[in-house]
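Text of the file final11.txt, holding compact mmCIF, N, CA and C atoms and all ligand atoms:
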# COMPACT_ATOMS: atom_id res chain seq x y z
N MET A 980 -191.78 89.82 -12.56
CA MET A 980 -191.13 88.98 -11.54
C MET A 980 -190.17 89.81 -10.70
N SER A 981 -190.11 89.50 -9.45
CA SER A 981 -189.24 90.29 -8.57
C SER A 981 -187.77 89.95 -8.81
N ASP A 982 -186.90 90.81 -8.36
CA ASP A 982 -185.47 90.62 -8.57
C ASP A 982 -184.81 89.94 -7.38
N HIS A 983 -185.63 89.39 -6.48
CA HIS A 983 -185.04 88.77 -5.31
C HIS A 983 -185.93 87.66 -4.77
N ASN A 984 -185.36 86.84 -3.91
CA ASN A 984 -186.10 85.87 -3.11
C ASN A 984 -185.85 86.21 -1.66
N TRP A 985 -186.78 85.84 -0.80
CA TRP A 985 -186.50 85.86 0.62
C TRP A 985 -185.91 84.51 0.98
N CYS A 986 -184.94 84.51 1.85
CA CYS A 986 -184.34 83.25 2.30
C CYS A 986 -185.45 82.35 2.83
N HIS A 987 -185.42 81.06 2.43
CA HIS A 987 -186.46 80.13 2.86
C HIS A 987 -186.16 79.45 4.20
N GLY A 988 -185.04 79.79 4.80
CA GLY A 988 -184.72 79.22 6.11
C GLY A 988 -185.76 79.61 7.14
N PRO A 989 -186.38 78.61 7.79
CA PRO A 989 -187.47 78.92 8.74
C PRO A 989 -187.00 79.71 9.97
N GLN A 990 -185.69 79.65 10.25
CA GLN A 990 -185.16 80.37 11.43
C GLN A 990 -184.34 81.60 11.04
N CYS A 991 -184.34 81.94 9.75
CA CYS A 991 -183.47 83.02 9.26
C CYS A 991 -183.66 84.32 10.04
N HIS A 992 -184.92 84.67 10.28
CA HIS A 992 -185.23 85.94 10.94
C HIS A 992 -184.98 85.91 12.45
N LYS A 993 -184.45 84.78 12.96
CA LYS A 993 -184.18 84.69 14.39
C LYS A 993 -182.69 84.76 14.69
N GLN A 994 -181.87 84.80 13.63
CA GLN A 994 -180.43 84.84 13.83
C GLN A 994 -180.00 86.28 14.14
N HIS A 995 -179.18 86.39 15.18
CA HIS A 995 -178.79 87.73 15.65
C HIS A 995 -177.59 88.25 14.88
N THR A 996 -177.84 88.80 13.70
CA THR A 996 -176.76 89.43 12.95
C THR A 996 -177.18 90.84 12.57
N GLN A 997 -176.20 91.70 12.45
CA GLN A 997 -176.44 93.11 12.19
C GLN A 997 -177.16 93.32 10.85
N ASP A 998 -176.81 92.48 9.85
CA ASP A 998 -177.40 92.71 8.52
C ASP A 998 -178.86 92.28 8.43
N ARG A 999 -179.42 91.74 9.51
CA ARG A 999 -180.85 91.40 9.51
C ARG A 999 -181.70 92.47 10.21
N ILE A 1000 -181.05 93.43 10.82
CA ILE A 1000 -181.78 94.46 11.56
C ILE A 1000 -182.43 95.45 10.59
N ARG A 1001 -183.74 95.62 10.71
CA ARG A 1001 -184.48 96.56 9.88
C ARG A 1001 -185.44 97.36 10.76
N GLY A 1002 -186.06 98.37 10.19
CA GLY A 1002 -187.08 99.13 10.89
C GLY A 1002 -186.54 100.39 11.55
N VAL A 1003 -187.48 101.20 12.01
CA VAL A 1003 -187.11 102.48 12.63
C VAL A 1003 -186.96 102.31 14.14
N LYS A 1004 -186.27 103.27 14.72
CA LYS A 1004 -186.02 103.26 16.16
C LYS A 1004 -187.32 103.02 16.93
N GLY A 1005 -187.28 102.12 17.90
CA GLY A 1005 -188.47 101.84 18.70
C GLY A 1005 -189.27 100.67 18.16
N SER A 1006 -189.09 100.35 16.87
CA SER A 1006 -189.78 99.17 16.33
C SER A 1006 -188.84 98.39 15.41
N LYS A 1007 -187.63 98.15 15.91
CA LYS A 1007 -186.64 97.39 15.14
C LYS A 1007 -187.02 95.91 15.09
N VAL A 1008 -186.65 95.26 14.00
CA VAL A 1008 -186.90 93.82 13.84
C VAL A 1008 -185.67 93.14 13.25
N LEU A 1009 -185.62 91.82 13.44
CA LEU A 1009 -184.68 90.99 12.69
C LEU A 1009 -185.49 90.43 11.53
N ARG A 1010 -185.07 90.69 10.30
CA ARG A 1010 -185.86 90.29 9.13
C ARG A 1010 -185.14 89.20 8.34
N THR A 1011 -185.93 88.30 7.77
CA THR A 1011 -185.43 87.30 6.82
C THR A 1011 -184.54 87.98 5.78
N LYS A 1012 -183.44 87.32 5.44
CA LYS A 1012 -182.51 87.92 4.48
C LYS A 1012 -183.06 87.88 3.07
N LYS A 1013 -182.79 88.98 2.35
CA LYS A 1013 -183.20 89.10 0.95
C LYS A 1013 -182.03 88.64 0.08
N ILE A 1014 -182.36 87.82 -0.93
CA ILE A 1014 -181.31 87.31 -1.81
C ILE A 1014 -181.56 87.82 -3.22
N LYS A 1015 -180.66 88.65 -3.69
CA LYS A 1015 -180.80 89.20 -5.04
C LYS A 1015 -180.50 88.12 -6.08
N HIS A 1016 -181.26 88.10 -7.17
CA HIS A 1016 -181.02 87.12 -8.24
C HIS A 1016 -179.68 87.37 -8.92
N ASN A 1017 -179.03 86.26 -9.26
CA ASN A 1017 -177.79 86.32 -10.02
C ASN A 1017 -176.71 87.18 -9.39
N SER A 1018 -176.74 87.28 -8.06
CA SER A 1018 -175.64 87.98 -7.41
C SER A 1018 -174.44 87.07 -7.42
N ASN A 1019 -173.41 87.51 -8.00
CA ASN A 1019 -172.13 86.79 -8.19
C ASN A 1019 -172.25 85.26 -8.32
N TYR A 1020 -171.72 84.50 -7.37
CA TYR A 1020 -171.61 83.05 -7.51
C TYR A 1020 -172.96 82.33 -7.54
N ARG A 1021 -174.03 82.99 -7.09
CA ARG A 1021 -175.32 82.32 -7.00
C ARG A 1021 -175.86 81.89 -8.37
N SER A 1022 -175.36 82.49 -9.45
CA SER A 1022 -175.87 82.15 -10.77
C SER A 1022 -175.31 80.83 -11.28
N HIS A 1023 -174.20 80.34 -10.67
CA HIS A 1023 -173.63 79.06 -11.09
C HIS A 1023 -174.54 77.91 -10.66
N ASP A 1024 -174.67 76.92 -11.54
CA ASP A 1024 -175.55 75.78 -11.28
C ASP A 1024 -175.36 75.16 -9.91
N ARG A 1025 -174.08 74.93 -9.55
CA ARG A 1025 -173.87 74.19 -8.30
C ARG A 1025 -174.21 75.02 -7.07
N TYR A 1026 -174.42 76.32 -7.24
CA TYR A 1026 -174.79 77.16 -6.10
C TYR A 1026 -176.23 77.65 -6.21
N ASN A 1027 -176.98 77.10 -7.18
CA ASN A 1027 -178.36 77.55 -7.40
C ASN A 1027 -179.19 77.57 -6.13
N MET A 1028 -178.97 76.60 -5.27
CA MET A 1028 -179.76 76.51 -4.04
C MET A 1028 -179.60 77.76 -3.20
N PHE A 1029 -178.50 78.46 -3.38
CA PHE A 1029 -178.29 79.66 -2.58
C PHE A 1029 -178.98 80.88 -3.18
N ASN A 1030 -179.82 80.63 -4.20
CA ASN A 1030 -180.77 81.67 -4.61
C ASN A 1030 -181.98 81.66 -3.67
N TYR A 1031 -182.10 80.59 -2.89
CA TYR A 1031 -183.25 80.44 -2.00
C TYR A 1031 -182.87 80.42 -0.52
N PHE A 1032 -181.59 80.25 -0.27
CA PHE A 1032 -181.13 80.18 1.12
C PHE A 1032 -179.90 81.08 1.27
N CYS A 1033 -179.87 81.86 2.35
CA CYS A 1033 -178.75 82.80 2.50
C CYS A 1033 -177.48 82.08 2.92
N ASN A 1034 -177.61 80.91 3.52
CA ASN A 1034 -176.42 80.13 3.87
C ASN A 1034 -176.81 78.67 4.11
N GLN A 1035 -175.81 77.84 4.38
CA GLN A 1035 -176.05 76.41 4.53
C GLN A 1035 -176.88 76.09 5.76
N SER A 1036 -176.74 76.91 6.79
CA SER A 1036 -177.50 76.69 8.02
C SER A 1036 -179.00 76.85 7.76
N CYS A 1037 -179.39 77.87 7.00
CA CYS A 1037 -180.80 78.06 6.65
C CYS A 1037 -181.29 76.92 5.75
N LEU A 1038 -180.44 76.45 4.84
CA LEU A 1038 -180.79 75.32 3.98
C LEU A 1038 -181.07 74.08 4.82
N MET A 1039 -180.18 73.79 5.80
CA MET A 1039 -180.35 72.60 6.63
C MET A 1039 -181.58 72.72 7.54
N ASP A 1040 -181.86 73.92 8.04
CA ASP A 1040 -183.07 74.13 8.85
C ASP A 1040 -184.32 73.81 8.03
N PHE A 1041 -184.31 74.25 6.76
CA PHE A 1041 -185.45 74.00 5.87
C PHE A 1041 -185.63 72.50 5.63
N ILE A 1042 -184.50 71.82 5.35
CA ILE A 1042 -184.56 70.37 5.11
C ILE A 1042 -185.08 69.65 6.34
N ARG A 1043 -184.56 70.03 7.53
CA ARG A 1043 -185.03 69.39 8.77
C ARG A 1043 -186.53 69.59 8.95
N GLU A 1044 -187.02 70.81 8.71
CA GLU A 1044 -188.44 71.09 8.94
C GLU A 1044 -189.35 70.42 7.92
N HIS A 1045 -188.85 70.26 6.67
CA HIS A 1045 -189.72 69.75 5.60
C HIS A 1045 -189.27 68.40 5.06
N LEU A 1046 -188.47 67.69 5.84
CA LEU A 1046 -187.88 66.44 5.35
C LEU A 1046 -188.91 65.46 4.79
N GLN A 1047 -189.99 65.22 5.53
CA GLN A 1047 -190.97 64.23 5.07
C GLN A 1047 -191.62 64.65 3.75
N SER A 1048 -191.88 65.94 3.59
CA SER A 1048 -192.44 66.42 2.32
C SER A 1048 -191.44 66.26 1.19
N LEU A 1049 -190.18 66.55 1.46
CA LEU A 1049 -189.14 66.43 0.44
C LEU A 1049 -188.99 64.99 -0.01
N ILE A 1050 -188.97 64.08 0.95
CA ILE A 1050 -188.84 62.66 0.63
C ILE A 1050 -190.03 62.19 -0.20
N ALA A 1051 -191.22 62.73 0.11
CA ALA A 1051 -192.43 62.32 -0.60
C ALA A 1051 -192.39 62.71 -2.07
N ILE A 1052 -191.60 63.72 -2.43
CA ILE A 1052 -191.48 64.16 -3.83
C ILE A 1052 -190.82 63.07 -4.67
N ALA A 1053 -189.81 62.42 -4.12
CA ALA A 1053 -189.06 61.40 -4.87
C ALA A 1053 -188.64 60.28 -3.94
N PRO A 1054 -189.59 59.49 -3.48
CA PRO A 1054 -189.23 58.42 -2.53
C PRO A 1054 -188.35 57.34 -3.15
N ARG A 1055 -187.38 56.87 -2.39
CA ARG A 1055 -186.52 55.77 -2.84
C ARG A 1055 -187.04 54.51 -2.22
N THR A 1056 -187.72 53.68 -3.04
CA THR A 1056 -188.35 52.48 -2.50
C THR A 1056 -187.50 51.24 -2.72
N GLU A 1057 -186.47 51.35 -3.57
CA GLU A 1057 -185.55 50.23 -3.73
C GLU A 1057 -184.15 50.77 -3.98
N ALA A 1058 -183.16 49.92 -3.69
CA ALA A 1058 -181.77 50.34 -3.85
C ALA A 1058 -181.42 50.50 -5.32
N LEU A 1059 -180.54 51.44 -5.63
CA LEU A 1059 -180.02 51.58 -6.98
C LEU A 1059 -178.65 50.90 -7.02
N GLU A 1060 -178.20 50.55 -8.23
CA GLU A 1060 -176.90 49.91 -8.36
C GLU A 1060 -176.14 50.51 -9.52
N THR A 1061 -174.82 50.64 -9.34
CA THR A 1061 -173.93 51.07 -10.41
C THR A 1061 -173.04 49.89 -10.76
N PRO A 1062 -173.12 49.39 -12.00
CA PRO A 1062 -172.27 48.25 -12.37
C PRO A 1062 -170.79 48.64 -12.34
N ILE A 1063 -169.98 47.78 -11.75
CA ILE A 1063 -168.53 48.03 -11.72
C ILE A 1063 -167.77 46.81 -12.22
N LEU A 1064 -166.53 47.06 -12.64
CA LEU A 1064 -165.64 45.97 -13.01
C LEU A 1064 -165.19 45.28 -11.72
N ASN A 1065 -164.69 44.03 -11.82
CA ASN A 1065 -164.19 43.35 -10.63
C ASN A 1065 -163.14 44.23 -9.94
N PRO A 1066 -163.37 44.57 -8.70
CA PRO A 1066 -162.45 45.50 -8.02
C PRO A 1066 -161.07 44.87 -7.83
N GLU A 1067 -160.03 45.70 -8.04
CA GLU A 1067 -158.65 45.24 -7.84
C GLU A 1067 -158.14 45.78 -6.53
N ARG A 1068 -157.62 44.87 -5.69
CA ARG A 1068 -156.99 45.33 -4.44
C ARG A 1068 -155.50 45.36 -4.64
N LYS A 1069 -154.90 46.52 -4.38
CA LYS A 1069 -153.46 46.66 -4.54
C LYS A 1069 -152.85 47.23 -3.28
N THR A 1070 -151.74 46.64 -2.87
CA THR A 1070 -151.04 47.15 -1.70
C THR A 1070 -149.79 47.90 -2.15
N HIS A 1071 -149.71 49.15 -1.74
CA HIS A 1071 -148.53 49.96 -2.05
C HIS A 1071 -147.71 50.14 -0.78
N THR A 1072 -146.40 50.17 -0.94
CA THR A 1072 -145.53 50.47 0.19
C THR A 1072 -145.02 51.89 0.03
N TYR A 1073 -145.25 52.68 1.06
CA TYR A 1073 -144.80 54.08 1.04
C TYR A 1073 -143.62 54.23 2.00
N HIS A 1074 -142.60 54.94 1.56
CA HIS A 1074 -141.41 55.17 2.38
C HIS A 1074 -141.36 56.62 2.82
N TYR A 1075 -140.86 56.82 4.04
CA TYR A 1075 -140.69 58.19 4.52
C TYR A 1075 -139.56 58.23 5.52
N GLY A 1076 -139.22 59.43 5.93
CA GLY A 1076 -138.08 59.59 6.84
C GLY A 1076 -136.90 60.16 6.07
N PHE A 1077 -135.89 60.66 6.80
CA PHE A 1077 -134.75 61.32 6.18
C PHE A 1077 -134.07 60.44 5.14
N ASN A 1078 -133.86 59.17 5.48
CA ASN A 1078 -133.24 58.22 4.54
C ASN A 1078 -134.23 57.16 4.06
N ASN A 1079 -135.50 57.53 4.06
CA ASN A 1079 -136.55 56.57 3.69
C ASN A 1079 -136.48 55.30 4.54
N GLU A 1080 -136.06 55.47 5.82
CA GLU A 1080 -135.88 54.31 6.68
C GLU A 1080 -137.19 53.76 7.22
N HIS A 1081 -138.27 54.53 7.10
CA HIS A 1081 -139.57 54.06 7.57
C HIS A 1081 -140.46 53.74 6.37
N SER A 1082 -141.41 52.87 6.62
CA SER A 1082 -142.36 52.58 5.53
C SER A 1082 -143.68 52.10 6.12
N TYR A 1083 -144.69 52.24 5.33
CA TYR A 1083 -145.98 51.66 5.72
C TYR A 1083 -146.68 51.17 4.46
N ASN A 1084 -147.58 50.22 4.67
CA ASN A 1084 -148.34 49.67 3.54
C ASN A 1084 -149.74 50.23 3.56
N ARG A 1085 -150.23 50.45 2.39
CA ARG A 1085 -151.60 50.91 2.29
C ARG A 1085 -152.28 50.14 1.17
N THR A 1086 -153.38 49.49 1.52
CA THR A 1086 -154.11 48.71 0.53
C THR A 1086 -155.29 49.52 0.03
N GLU A 1087 -155.36 49.64 -1.27
CA GLU A 1087 -156.47 50.39 -1.85
C GLU A 1087 -157.24 49.50 -2.81
N THR A 1088 -158.52 49.73 -2.87
CA THR A 1088 -159.37 49.01 -3.80
C THR A 1088 -159.71 49.93 -4.95
N LYS A 1089 -159.31 49.49 -6.14
CA LYS A 1089 -159.59 50.31 -7.32
C LYS A 1089 -160.97 49.96 -7.85
N ILE A 1090 -161.83 50.95 -7.87
CA ILE A 1090 -163.21 50.73 -8.31
C ILE A 1090 -163.46 51.52 -9.59
N GLU A 1091 -163.87 50.79 -10.64
CA GLU A 1091 -164.15 51.45 -11.91
C GLU A 1091 -165.54 51.08 -12.40
N VAL A 1092 -166.26 52.08 -12.87
CA VAL A 1092 -167.61 51.85 -13.40
C VAL A 1092 -167.51 51.05 -14.68
N ASP A 1093 -168.37 50.05 -14.80
CA ASP A 1093 -168.45 49.27 -16.04
C ASP A 1093 -169.47 49.93 -16.96
N ASN A 1094 -168.95 50.75 -17.86
CA ASN A 1094 -169.86 51.52 -18.72
C ASN A 1094 -170.64 50.64 -19.71
N SER A 1095 -170.10 49.43 -19.97
CA SER A 1095 -170.82 48.54 -20.90
C SER A 1095 -172.11 48.01 -20.28
N ARG A 1096 -172.19 48.05 -18.97
CA ARG A 1096 -173.39 47.61 -18.27
C ARG A 1096 -174.14 48.77 -17.62
N SER A 1097 -173.78 49.98 -18.03
CA SER A 1097 -174.37 51.15 -17.39
C SER A 1097 -175.88 51.14 -17.49
N THR A 1098 -176.52 51.46 -16.36
CA THR A 1098 -177.98 51.47 -16.34
C THR A 1098 -178.53 52.89 -16.44
N ASP A 1099 -177.60 53.86 -16.45
CA ASP A 1099 -178.07 55.24 -16.55
C ASP A 1099 -178.72 55.50 -17.88
N VAL A 1100 -179.82 56.19 -17.84
CA VAL A 1100 -180.52 56.54 -19.07
C VAL A 1100 -180.15 57.97 -19.44
N GLY A 1101 -180.01 58.19 -20.70
CA GLY A 1101 -179.68 59.54 -21.17
C GLY A 1101 -178.21 59.69 -21.27
ZN ZN A 1201 -181.35 82.65 5.80

Mind converting the file's structure to structure tokens?
Amino acid sequence: MSDHNWCHGPQCHKQHTQDRIRGVKGSKVLRTKKIKHNSNYRSHDRYNMFNYFCNQSCLMDFIREHLQSLIAIAPRTEALETPILNPERKTHTYHYGFNNEHSYNRTETKIEVDNSRSTDVG
């Protein structure tokens, strides 16, 4: 197995950056970026996608170009639901200013998952 992937961004080789320039004088090209496996942060789970894309722009280009195929892999045909406890609305008064002479109210809705009704499997 090779030690790298080529960036899967469909427009990667069209971006004008110095690090994409390859080839000998007279036949220079802009080349798709090479991504080495397990280079620093890429090995972390949450950055795994960057083993296949050199940056977020290439990732988004790929999604735009292949959106219908991606959706077809796991189509969402009905809404999902997360059971929650009855939401509590609470209004807090916040004070500010040199002598706390000003205030404003902010109403927040506290939302908590009802784990006793959890539908998640596993
Ligand atoms: Zn790229």

Please provide the set of residues having any atom within 9 Å of Tyr1031 of chain A, restricted to only C-alpha atoms, with same-chain residues fewer than 4 positions apart removed, written as an mmCIF file with N, CA and C atoms, keeping the file's coordinate frame.
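File written: selection.cif
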data_model
loop_
_atom_site.group_PDB
_atom_site.id
_atom_site.type_symbol
_atom_site.label_atom_id
_atom_site.label_comp_id
_atom_site.auth_asym_id
_atom_site.auth_seq_id
_atom_site.Cartn_x
_atom_site.Cartn_y
_atom_site.Cartn_z
ATOM 1 N N ASN A 984 -185.360 86.840 -3.910
ATOM 2 C CA ASN A 984 -186.100 85.870 -3.110
ATOM 3 C C ASN A 984 -185.850 86.210 -1.660
ATOM 4 N N TRP A 985 -186.780 85.840 -0.800
ATOM 5 C CA TRP A 985 -186.500 85.860 0.620
ATOM 6 C C TRP A 985 -185.910 84.510 0.980
ATOM 7 N N CYS A 986 -184.940 84.510 1.850
ATOM 8 C CA CYS A 986 -184.340 83.250 2.300
ATOM 9 C C CYS A 986 -185.450 82.350 2.830
ATOM 10 N N HIS A 987 -185.420 81.060 2.430
ATOM 11 C CA HIS A 987 -186.460 80.130 2.860
ATOM 12 C C HIS A 987 -186.160 79.450 4.200
ATOM 13 N N GLY A 988 -185.040 79.790 4.800
ATOM 14 C CA GLY A 988 -184.720 79.220 6.110
ATOM 15 C C GLY A 988 -185.760 79.610 7.140
ATOM 16 N N ILE A 1014 -182.360 87.820 -0.930
ATOM 17 C CA ILE A 1014 -181.310 87.310 -1.810
ATOM 18 C C ILE A 1014 -181.560 87.820 -3.220
ATOM 19 N N ASN A 1027 -176.980 77.100 -7.180
ATOM 20 C CA ASN A 1027 -178.360 77.550 -7.400
ATOM 21 C C ASN A 1027 -179.190 77.570 -6.130
ATOM 22 N N LEU A 1038 -180.440 76.450 4.840
ATOM 23 C CA LEU A 1038 -180.790 75.320 3.980
ATOM 24 C C LEU A 1038 -181.070 74.080 4.820
#

Contact check, chain A to ligand ZN 1201 (chain A), at most 10 Å, counting only C-alpha atoms and all ligand atoms, closest pairs as CSV:
residue,atom,partner,partner_atom,distance
A:Trp985,CA,A:ZN1201,ZN,8.0
A:Cys986,CA,A:ZN1201,ZN,4.6
A:His987,CA,A:ZN1201,ZN,6.4
A:Gly988,CA,A:ZN1201,ZN,4.8
A:Pro989,CA,A:ZN1201,ZN,7.7
A:Gln990,CA,A:ZN1201,ZN,7.2
A:Cys991,CA,A:ZN1201,ZN,4.1
A:His992,CA,A:ZN1201,ZN,7.2
A:Lys993,CA,A:ZN1201,ZN,9.3
A:Gln994,CA,A:ZN1201,ZN,8.4
A:Arg999,CA,A:ZN1201,ZN,9.5
A:Arg1010,CA,A:ZN1201,ZN,9.5
A:Thr1011,CA,A:ZN1201,ZN,6.3
A:Lys1012,CA,A:ZN1201,ZN,5.6
A:Lys1013,CA,A:ZN1201,ZN,8.3
A:Ile1014,CA,A:ZN1201,ZN,8.9
A:Phe1029,CA,A:ZN1201,ZN,9.4
A:Tyr1031,CA,A:ZN1201,ZN,8.3
A:Phe1032,CA,A:ZN1201,ZN,5.3
A:Cys1033,CA,A:ZN1201,ZN,4.2
A:Asn1034,CA,A:ZN1201,ZN,5.9
A:Gln1035,CA,A:ZN1201,ZN,8.3
A:Ser1036,CA,A:ZN1201,ZN,7.4
A:Cys1037,CA,A:ZN1201,ZN,4.7
A:Leu1038,CA,A:ZN1201,ZN,7.6
A:Asp1040,CA,A:ZN1201,ZN,9.2
A:Phe1041,CA,A:ZN1201,ZN,9.6

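Between atom N of Glu1057 of chain A and atom N of Glu1044 of chain A there is a distance of 23.0 Å.
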
Looking only at strand (DSSP E or B) from DSSP on the backbone, list the matching residues of segment 991-1096 of chain A as a tab-separated table (two decimals) with N, CA and C atoms, in the frame of the given file.
chain	number	residue	atom	x	y	z
A	1000	ILE	N	-181.05	93.43	10.82
A	1000	ILE	CA	-181.78	94.46	11.56
A	1000	ILE	C	-182.43	95.45	10.59
A	1001	ARG	N	-183.74	95.62	10.71
A	1001	ARG	CA	-184.48	96.56	9.88
A	1001	ARG	C	-185.44	97.36	10.76
A	1008	VAL	N	-186.65	95.26	14.00
A	1008	VAL	CA	-186.90	93.82	13.84
A	1008	VAL	C	-185.67	93.14	13.25
A	1009	LEU	N	-185.62	91.82	13.44
A	1009	LEU	CA	-184.68	90.99	12.69
A	1009	LEU	C	-185.49	90.43	11.53
A	1013	LYS	N	-182.79	88.98	2.35
A	1013	LYS	CA	-183.20	89.10	0.95
A	1013	LYS	C	-182.03	88.64	0.08
A	1014	ILE	N	-182.36	87.82	-0.93
A	1014	ILE	CA	-181.31	87.31	-1.81
A	1014	ILE	C	-181.56	87.82	-3.22
A	1015	LYS	N	-180.66	88.65	-3.69
A	1015	LYS	CA	-180.80	89.20	-5.04
A	1015	LYS	C	-180.50	88.12	-6.08
A	1063	ILE	N	-169.98	47.78	-11.75
A	1063	ILE	CA	-168.53	48.03	-11.72
A	1063	ILE	C	-167.77	46.81	-12.22
A	1067	GLU	N	-160.03	45.70	-8.04
A	1067	GLU	CA	-158.65	45.24	-7.84
A	1067	GLU	C	-158.14	45.78	-6.53
A	1068	ARG	N	-157.62	44.87	-5.69
A	1068	ARG	CA	-156.99	45.33	-4.44
A	1068	ARG	C	-155.50	45.36	-4.64
A	1069	LYS	N	-154.90	46.52	-4.38
A	1069	LYS	CA	-153.46	46.66	-4.54
A	1069	LYS	C	-152.85	47.23	-3.28
A	1070	THR	N	-151.74	46.64	-2.87
A	1070	THR	CA	-151.04	47.15	-1.70
A	1070	THR	C	-149.79	47.90	-2.15
A	1071	HIS	N	-149.71	49.15	-1.74
A	1071	HIS	CA	-148.53	49.96	-2.05
A	1071	HIS	C	-147.71	50.14	-0.78
A	1072	THR	N	-146.40	50.17	-0.94
A	1072	THR	CA	-145.53	50.47	0.19
A	1072	THR	C	-145.02	51.89	0.03
A	1073	TYR	N	-145.25	52.68	1.06
A	1073	TYR	CA	-144.80	54.08	1.04
A	1073	TYR	C	-143.62	54.23	2.00
A	1074	HIS	N	-142.60	54.94	1.56
A	1074	HIS	CA	-141.41	55.17	2.38
A	1074	HIS	C	-141.36	56.62	2.82
A	1075	TYR	N	-140.86	56.82	4.04
A	1075	TYR	CA	-140.69	58.19	4.52
A	1075	TYR	C	-139.56	58.23	5.52
A	1081	HIS	N	-138.27	54.53	7.10
A	1081	HIS	CA	-139.57	54.06	7.57
A	1081	HIS	C	-140.46	53.74	6.37
A	1082	SER	N	-141.41	52.87	6.62
A	1082	SER	CA	-142.36	52.58	5.53
A	1082	SER	C	-143.68	52.10	6.12
A	1083	TYR	N	-144.69	52.24	5.33
A	1083	TYR	CA	-145.98	51.66	5.72
A	1083	TYR	C	-146.68	51.17	4.46
A	1084	ASN	N	-147.58	50.22	4.67
A	1084	ASN	CA	-148.34	49.67	3.54
A	1084	ASN	C	-149.74	50.23	3.56
A	1085	ARG	N	-150.23	50.45	2.39
A	1085	ARG	CA	-151.60	50.91	2.29
A	1085	ARG	C	-152.28	50.14	1.17
A	1086	THR	N	-153.38	49.49	1.52
A	1086	THR	CA	-154.11	48.71	0.53
A	1086	THR	C	-155.29	49.52	0.03
A	1087	GLU	N	-155.36	49.64	-1.27
A	1087	GLU	CA	-156.47	50.39	-1.85
A	1087	GLU	C	-157.24	49.50	-2.81
A	1088	THR	N	-158.52	49.73	-2.87
A	1088	THR	CA	-159.37	49.01	-3.80
A	1088	THR	C	-159.71	49.93	-4.95
A	1089	LYS	N	-159.31	49.49	-6.14
A	1089	LYS	CA	-159.59	50.31	-7.32
A	1089	LYS	C	-160.97	49.96	-7.85
A	1092	VAL	N	-166.26	52.08	-12.87
A	1092	VAL	CA	-167.61	51.85	-13.40
A	1092	VAL	C	-167.51	51.05	-14.68

### Query
What residues in segment 989-1081 of chain A get the DSSP label helix (DSSP H, G or I)? Please answer as an MDAnalysis selection string.
chainID A and resid 991:993 997:999 1019:1022 1024:1030 1035:1052

#### Entry: Neighbour list for segment 1086-1093 of chain A as a list in words, cut-off 6.5 Å, all atoms listed in the file, skip fewer than 3 positions in-chain
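The residues that qualify are Thr1061, Pro1062, Ile1063, Leu1064, Asn1065, Pro1066, Glu1067, Arg1068, Lys1069, Thr1070, His1071, Arg1096 and Ser1097 of chain A.
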
Would you export the selected residues with N, CA and C atoms as an mmCIF file, in the coordinates of the input, please?
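Final file, out-v7.cif:
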data_model
loop_
_atom_site.group_PDB
_atom_site.id
_atom_site.type_symbol
_atom_site.label_atom_id
_atom_site.label_comp_id
_atom_site.auth_asym_id
_atom_site.auth_seq_id
_atom_site.Cartn_x
_atom_site.Cartn_y
_atom_site.Cartn_z
ATOM 1 N N THR A 1061 -174.820 50.640 -9.340
ATOM 2 C CA THR A 1061 -173.930 51.070 -10.410
ATOM 3 C C THR A 1061 -173.040 49.890 -10.760
ATOM 4 N N PRO A 1062 -173.120 49.390 -12.000
ATOM 5 C CA PRO A 1062 -172.270 48.250 -12.370
ATOM 6 C C PRO A 1062 -170.790 48.640 -12.340
ATOM 7 N N ILE A 1063 -169.980 47.780 -11.750
ATOM 8 C CA ILE A 1063 -168.530 48.030 -11.720
ATOM 9 C C ILE A 1063 -167.770 46.810 -12.220
ATOM 10 N N LEU A 1064 -166.530 47.060 -12.640
ATOM 11 C CA LEU A 1064 -165.640 45.970 -13.010
ATOM 12 C C LEU A 1064 -165.190 45.280 -11.720
ATOM 13 N N ASN A 1065 -164.690 44.030 -11.820
ATOM 14 C CA ASN A 1065 -164.190 43.350 -10.630
ATOM 15 C C ASN A 1065 -163.140 44.230 -9.940
ATOM 16 N N PRO A 1066 -163.370 44.570 -8.700
ATOM 17 C CA PRO A 1066 -162.450 45.500 -8.020
ATOM 18 C C PRO A 1066 -161.070 44.870 -7.830
ATOM 19 N N GLU A 1067 -160.030 45.700 -8.040
ATOM 20 C CA GLU A 1067 -158.650 45.240 -7.840
ATOM 21 C C GLU A 1067 -158.140 45.780 -6.530
ATOM 22 N N ARG A 1068 -157.620 44.870 -5.690
ATOM 23 C CA ARG A 1068 -156.990 45.330 -4.440
ATOM 24 C C ARG A 1068 -155.500 45.360 -4.640
ATOM 25 N N LYS A 1069 -154.900 46.520 -4.380
ATOM 26 C CA LYS A 1069 -153.460 46.660 -4.540
ATOM 27 C C LYS A 1069 -152.850 47.230 -3.280
ATOM 28 N N THR A 1070 -151.740 46.640 -2.870
ATOM 29 C CA THR A 1070 -151.040 47.150 -1.700
ATOM 30 C C THR A 1070 -149.790 47.900 -2.150
ATOM 31 N N HIS A 1071 -149.710 49.150 -1.740
ATOM 32 C CA HIS A 1071 -148.530 49.960 -2.050
ATOM 33 C C HIS A 1071 -147.710 50.140 -0.780
ATOM 34 N N ARG A 1096 -172.190 48.050 -18.970
ATOM 35 C CA ARG A 1096 -173.390 47.610 -18.270
ATOM 36 C C ARG A 1096 -174.140 48.770 -17.620
ATOM 37 N N SER A 1097 -173.780 49.980 -18.030
ATOM 38 C CA SER A 1097 -174.370 51.150 -17.390
ATOM 39 C C SER A 1097 -175.880 51.140 -17.490
#

### Å distance separating atom C of Glu1060 of chain A from atom CA of Asn1094 of chain A, one decimal place
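One can read the atom C of Glu1060 of chain A to atom CA of Asn1094 of chain A distance as 11.2 Å.
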
Please enclose the listed atoms of segment 1056-1075 of chain A in an axis-aligned box, pad each side by 5 Å, and write out the centre and the three edge lengths in Å, rounded to one decimal, as AutoDock Vina command-line options.
--center_x -164.0 --center_y 50.8 --center_z -3.7 --size_x 58.8 --size_y 24.9 --size_z 28.5

#### Entry: Point-to-point distance in Å for atom N of Asn1030 of chain A and atom N of Lys1015 of chain A
8.1 Å
